[in-house]
Amino acid sequence: MIKRFIGLMLLALTVVCGGCGKDSGAPKLVMATNAAFPPYEYKEHGRIDGIDPAIVGLIAQRLGYELEIRDMEFGAVITAVQTGKADIAASGITITEERKKQVLFTNSYVSAAQMILVRKDSGITGEADFPGKSIGVQEGTTGDTYVNKHFKDKVRINRYKDPSSAVQALITNKIDLVVIDAEPAQVFVSKNPEIRQLPKPLTHEEYAFAINKNNPELLGKFNAELMKMKTSGELDDIIEHYRKINDERAGEPDFARGFWTRLEDSLYVNFVKDGRYKYLLNGFIVTLEITVLAVLMGIVIGLAVAVVRCTADQTGHLKWLDWLCRVYLTVIRGTPVVVQLLIIYFVIFSSINISQVLVAVIAFGINSGAYVAEIIRGGIMSVDRGQMEAGQSLGLTYTQTMRFVVLPQAFKNVLPALGNEFIVLLKETSVAGYIALQDLTKAGDIIRSQTYDAFLPLIAVALIYLTVVMCLSWLLGRLEKRLKKNE
């Protein structure tokens, strides 16, 4: 008992220190997870906690590593390990033959199952009732794989980024049932009186940690420590500890109370309790940082591309550069920004340890540059051609005329459009969570995963975006009026 008590004290210390961000000088172990899967991983008091972080944190401490946890979409956690962005993935990951081809798996540390959640008034009793129904799953999970394999042509599959979104869709009657892992299912049922869990499991599974195939040494060390924890009983203690914590976590307000009392309780649970408003504040700062830097980068790229294209059109020079610019514009404007973001993070910078903020700035800056280029090119083409001829007749070179005569007029014409590009880019950064960045949208997802309330966190995120856009629109309106006065 004393040994187990000491182990749990070390566990608590490890998890707390793992989220403090201080450099201890020890080699770093990067863990990829999706912190929306209670009780295995979730965010609490500004840090990632749960069964998986606790186990990995304790093993990392004993092996002499400093643990760094990165929160990302579930579909990206194994990719992060496969591409070297993380050393280990821990997110209630089931061992499958397909995943074994991509990563190494440690020994199993817990048995699990896929369960079915339905509304309390539903007549669904099991798999036999699936045909014709709308089923919610978390994309990339074994529940997703099972439903797709056995019922692909018989049901409507709705894939969600996290289990809480699927459960909210079930509660709001958007879908008929949800296939979800057993323990998170119990948490959701305990906090949502509108739903129930069917007794018969859909599948039986084993959870394990995923490690890069090029690191069998780390696999051996983890397996050895897992065996010690199983033998000593520490593993069971950790799992039981977090199961009890999640049973006690606060859920929805009491819906039997009055509307204003419920609203007050909801505001407290979603934004005040445990300082959850800080997620929104910090997420907004990250969103603003990425947007401002990406806009500046986009203007530089866009200006260069626009000048090259206009020069090629007007003088016939720079043909090769013009061709490259056309390819750049075609590729960037023809592919989604989220795909570009993932390619830059997981492919281009796969072997480089680079800040996610910098990756986001590069991705959004390159994307914005393509649209800014066409905006500026349109501004240049709108300047009367006689301005260019007048400048050259005064003895200015083509470059001098472009710099001192044409571009100032062009920028004046396109400033409102550039302002609109800033607004569009601000909203596009909402996909930054795909690379483990906690932006404003991701902050709302974190709060939803803790409170099981979809309404207030999403409304808060929307209102923040709307407020910023309204302020920017007002500033653009003032700018347009000033420009008109100066004409």
# chains A, B, ... in the order shown; residues from 1 in each chain; ligands from 1
$ residues_around --residues "Phe346 (chain A)" --least-positions-apart "3" --cutoff "9 Å" --atoms "only C-alpha atoms" --output "list in words"
Thr79, Ala80, Thr83, Gly84, Lys85, Leu341, Leu342, Ile343, Phe349, Ser350, Ser351 and Ile435 of chain A
$ residues_around --residues "region 192-207 of chain A" --least-positions-apart "2" --cutoff "7 Å" --atoms "only C-alpha atoms" --output "VMD selection string"
chain A and resid 92 to 95 108 to 120 125 171 188 to 190
$ closest_residue --among "A:Ile446, A:Ile238, A:Leu456, A:Val77" --to "Asp265 (chain A)" --atoms "only C-alpha atoms"
A:Leu456
$ residues_around --residues "Val178 (chain A)" --least-positions-apart "2" --cutoff "7 Å" --atoms "only C-alpha atoms" --output "PDB file with N, CA and C atoms, in the first residue's frame"
ATOM      1  N   ILE A 116     -22.972   1.640 -27.680  1.00  0.00           N
ATOM      2  CA  ILE A 116     -23.980   2.378 -28.433  1.00  0.00           C
ATOM      3  C   ILE A 116     -24.732   3.305 -27.491  1.00  0.00           C
ATOM      4  N   LEU A 117     -24.790   4.583 -27.835  1.00  0.00           N
ATOM      5  CA  LEU A 117     -25.578   5.556 -27.088  1.00  0.00           C
ATOM      6  C   LEU A 117     -26.788   5.952 -27.917  1.00  0.00           C
ATOM      7  N   VAL A 118     -27.944   6.038 -27.282  1.00  0.00           N
ATOM      8  CA  VAL A 118     -29.173   6.463 -27.948  1.00  0.00           C
ATOM      9  C   VAL A 118     -29.921   7.411 -27.014  1.00  0.00           C
ATOM     10  N   ILE A 135     -25.924   7.440 -37.916  1.00  0.00           N
ATOM     11  CA  ILE A 135     -24.999   7.055 -36.847  1.00  0.00           C
ATOM     12  C   ILE A 135     -23.857   8.073 -36.742  1.00  0.00           C
ATOM     13  N   GLY A 136     -23.567   8.495 -35.523  1.00  0.00           N
ATOM     14  CA  GLY A 136     -22.454   9.407 -35.275  1.00  0.00           C
ATOM     15  C   GLY A 136     -21.251   8.658 -34.738  1.00  0.00           C
ATOM     16  N   VAL A 137     -20.068   8.961 -35.288  1.00  0.00           N
ATOM     17  CA  VAL A 137     -18.816   8.358 -34.827  1.00  0.00           C
ATOM     18  C   VAL A 137     -17.742   9.431 -34.801  1.00  0.00           C
ATOM     19  N   ALA A 166     -20.300  14.473 -31.287  1.00  0.00           N
ATOM     20  CA  ALA A 166     -21.223  13.412 -31.694  1.00  0.00           C
ATOM     21  C   ALA A 166     -22.364  13.274 -30.685  1.00  0.00           C
ATOM     22  N   VAL A 167     -22.031  13.342 -29.396  1.00  0.00           N
ATOM     23  CA  VAL A 167     -23.059  13.211 -28.358  1.00  0.00           C
ATOM     24  C   VAL A 167     -24.018  14.398 -28.400  1.00  0.00           C
ATOM     25  N   LEU A 170     -26.461  13.865 -31.030  1.00  0.00           N
ATOM     26  CA  LEU A 170     -27.469  12.893 -30.604  1.00  0.00           C
ATOM     27  C   LEU A 170     -28.522  13.558 -29.721  1.00  0.00           C
ATOM     28  N   ILE A 180     -19.350   4.787 -29.565  1.00  0.00           N
ATOM     29  CA  ILE A 180     -18.301   5.466 -28.824  1.00  0.00           C
ATOM     30  C   ILE A 180     -17.643   4.487 -27.851  1.00  0.00           C
TER      31      ILE A 180
END
$ atom_distance --atom1 "CA of Leu415 (chain A)" --atom2 "CA of Trp474 (chain A)"
13.8 Å
$ residues_around --residues "Val468 (chain A)" --least-positions-apart "5" --cutoff "10 Å" --atoms "only C-alpha atoms" --output "JSON list (two decimals) with C-alpha atoms, in the first residue's frame"
[["chain", "number", "residue", "atom", "x", "y", "z"],
["A", 288, "LEU", "CA", -4.68, 37.22, -33.51],
["A", 423, "ILE", "CA", -11.06, 39.52, -42.04],
["A", 426, "LEU", "CA", -8.92, 35.76, -39.26],
["A", 463, "LEU", "CA", -19.47, 36.38, -30.60],
["A", 473, "SER", "CA", -15.29, 46.50, -40.69],
["A", 474, "TRP", "CA", -15.79, 49.79, -38.85]]
$ residues_around --residues "Tyr277 (chain A)" --least-positions-apart "6" --cutoff "10 Å" --atoms "only C-alpha atoms" --output "ChimeraX atom specification"
/A:268,270-271,283,443-444,447,457,460
$ write_last_selection --atoms "N, CA and C atoms" --output "short mmCIF file (atom, residue, chain, number, x, y, z; two decimals), in the first residue's frame"
data_model
loop_
_atom_site.label_atom_id
_atom_site.label_comp_id
_atom_site.auth_asym_id
_atom_site.auth_seq_id
_atom_site.Cartn_x
_atom_site.Cartn_y
_atom_site.Cartn_z
N TYR A 268 -21.50 30.11 -15.30
CA TYR A 268 -20.47 29.82 -14.30
C TYR A 268 -19.67 28.57 -14.68
N ASN A 270 -19.31 27.09 -17.62
CA ASN A 270 -18.58 27.18 -18.88
C ASN A 270 -17.42 28.17 -18.87
N PHE A 271 -17.54 29.25 -18.10
CA PHE A 271 -16.53 30.31 -18.23
C PHE A 271 -15.82 30.69 -16.93
N GLY A 283 -6.67 31.53 -26.49
CA GLY A 283 -6.94 31.14 -27.87
C GLY A 283 -7.09 32.33 -28.78
N ALA A 443 -10.22 26.43 -28.38
CA ALA A 443 -10.54 26.76 -26.99
C ALA A 443 -12.00 26.45 -26.69
N GLY A 444 -12.88 26.79 -27.64
CA GLY A 444 -14.30 26.45 -27.45
C GLY A 444 -14.51 24.96 -27.39
N ILE A 447 -13.58 23.65 -23.91
CA ILE A 447 -14.62 23.91 -22.91
C ILE A 447 -15.80 22.94 -23.09
N PRO A 457 -20.33 27.60 -25.19
CA PRO A 457 -18.97 27.75 -25.73
C PRO A 457 -18.95 28.15 -27.20
N ALA A 460 -20.06 31.78 -27.53
CA ALA A 460 -19.00 32.68 -27.08
C ALA A 460 -17.93 32.85 -28.15
#
$ select_by_dssp --residues "region 200-233 of chain A" --states "strand (DSSP E)" --output "list in words"
Thr203, His204, Glu205, Glu206, Tyr207, Ala208, Phe209, Ala210 and Ile211 of chain A
$ atom_distance --atom1 "CA of Asp445 (chain A)" --atom2 "CA of Ser165 (chain A)"
8.7 Å
